[in-house]
Structures are given as C-alpha cells and as structure tokens.
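Trainee: Pasting coords06.cif here (mmCIF, C-alpha atoms):
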```cif
data_start
#
loop_
_atom_site.label_atom_id
_atom_site.label_comp_id
_atom_site.auth_asym_id
_atom_site.auth_seq_id
_atom_site.Cartn_x
_atom_site.Cartn_y
_atom_site.Cartn_z
CA MET A 21 0.00 0.00 0.00
CA ASN A 22 2.82 2.43 0.82
CA ASP A 23 4.30 1.91 -2.66
CA SER A 24 0.92 2.70 -4.23
CA LEU A 25 0.50 5.86 -2.17
CA ARG A 26 4.02 6.93 -3.09
CA LEU A 27 3.29 6.34 -6.78
CA ILE A 28 0.13 8.47 -6.54
CA GLU A 29 2.16 11.28 -5.01
CA GLN A 30 4.95 10.98 -7.60
CA SER A 31 2.37 11.02 -10.41
CA GLY A 32 0.89 14.25 -9.11
CA LEU A 33 -2.54 12.76 -8.50
CA SER A 34 -4.94 14.26 -5.98
CA ARG A 35 -5.98 13.52 -2.42
CA ASN A 36 -9.21 12.15 -3.90
CA HIS A 37 -7.16 9.53 -5.74
CA ARG A 38 -5.58 8.50 -2.43
CA ARG A 39 -8.98 8.39 -0.71
CA LEU A 40 -10.38 6.26 -3.50
CA LEU A 41 -7.47 3.84 -3.37
CA LEU A 42 -8.08 3.31 0.34
CA LEU A 43 -11.77 2.53 -0.35
CA ILE A 44 -11.15 0.02 -3.14
CA ASP A 45 -11.51 -3.47 -1.73
CA GLY A 46 -12.34 -5.58 -4.77
CA ASN A 47 -16.00 -5.84 -3.81
CA ARG A 48 -17.31 -2.28 -4.18
CA ASN A 49 -18.46 -1.08 -7.58
CA SER A 50 -17.93 2.44 -8.91
CA ALA A 51 -21.39 3.58 -7.79
CA GLU A 52 -20.70 2.49 -4.22
CA LEU A 53 -17.24 4.08 -4.25
CA ALA A 54 -18.76 7.32 -5.57
CA ARG A 55 -21.37 7.30 -2.80
CA LEU A 56 -18.74 6.72 -0.11
CA MET A 57 -16.64 9.59 -1.50
CA GLY A 58 -19.58 11.96 -1.98
CA ARG A 59 -18.78 12.24 -5.72
CA SER A 60 -20.68 11.44 -8.90
CA GLN A 61 -20.22 8.03 -10.44
CA GLU A 62 -18.59 9.68 -13.47
CA GLU A 63 -16.03 11.40 -11.21
CA ALA A 64 -15.27 8.13 -9.43
CA GLN A 65 -14.86 6.33 -12.74
CA GLN A 66 -12.41 8.97 -13.96
CA LEU A 67 -10.39 8.63 -10.74
CA ILE A 68 -10.36 4.85 -11.21
CA ARG A 69 -9.16 5.26 -14.81
CA ASP A 70 -6.36 7.51 -13.56
CA LEU A 71 -5.29 4.84 -11.07
CA GLU A 72 -5.47 2.19 -13.80
CA TYR A 73 -3.30 4.35 -16.08
CA ILE A 74 -0.46 4.49 -13.57
CA GLY A 75 -0.83 0.76 -12.86
CA ILE A 76 -2.13 0.80 -9.31
CA VAL A 77 -5.47 -0.89 -10.01
CA ARG A 78 -6.76 -3.04 -12.82
#
```
Would you put the structure from the file into structure tokens?
Mentor:
Amino acid sequence: MNDSLRLIEQSGLSRNHRRLLLLIDGNRNSAELARLMGRSQEEAQQLIRDLEYIGIVR
C-alpha cells in the first residue's frame, strides 16, 4: 500500500485519488465508491481510470 500511495504522489494525482485507493476493496463497484466519497459516479470512474493508467489498479 505504501508503494501505491508513493506512486500516486509521484504522479501528481490528488488527495481524492488516495482516498479512493483506500476505499477500493475488490468488492465495491464504482457507484458504491462514488457514494462513499460523496462524488458522482462519473467522477469516481475517472479517478479509477487515472489509477489504472499508472498501474495501481486493474
């Protein structure tokens, strides 16, 4: 997890990206993650795509 958080920081991603990473557990879908973050599903999906792009999630 520390390596992932470090990679987020090095990539210049936001605090929301870090928050999302901490909420991802392999069971929650994007709608549930969005609800937990207080964001729209579209925003959550974009954050997920950003994390996928840098190789933290798949």
Trainee: What's the 12 Å shell around Tyr73 (chain A), counting only C-alpha atoms, without same-chain residues fewer than 4 positions away, as a VMD selection string?
Mentor: chain A and resid 27 to 28 31 33 66 to 69 77 to 78
Trainee: Any chance you could resolve the PyMOL selection byres ((chain A and resi 43) around 12) against this file and give the residues as an MDAnalysis selection string?
Mentor: chainID A and resid 36:42 44:50 52:57 64 68
Trainee: With 8 Å on each side, where is the centre of the axis-aligned box around all listed atoms of region 47-58 of chain A, and how long are its edges in Å to one decimal, as lines of an AutoDock Vina configuration file?
Mentor:
```
center_x = -18.7
center_y = 3.1
center_z = -4.5
size_x = 21.4
size_y = 33.8
size_z = 24.8
```
Trainee: One decimal, Å: what's the distance from CA of Gln30 (chain A) over to CA of Gln65 (chain A), could you say?
Mentor: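 Going from CA of Gln30 (chain A) over to CA of Gln65 (chain A), I get 21.0 Å.
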Trainee: What is the CA of Asp70 (chain A) to CA of Gly58 (chain A) distance in Å?
Mentor: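 These atoms are spaced 18.1 Å apart.
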Trainee: Do you have the CA of Gln61 (chain A)-CA of Glu29 (chain A) distance handy?
Mentor: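 Computing it gives 23.3 Å between the two atoms.
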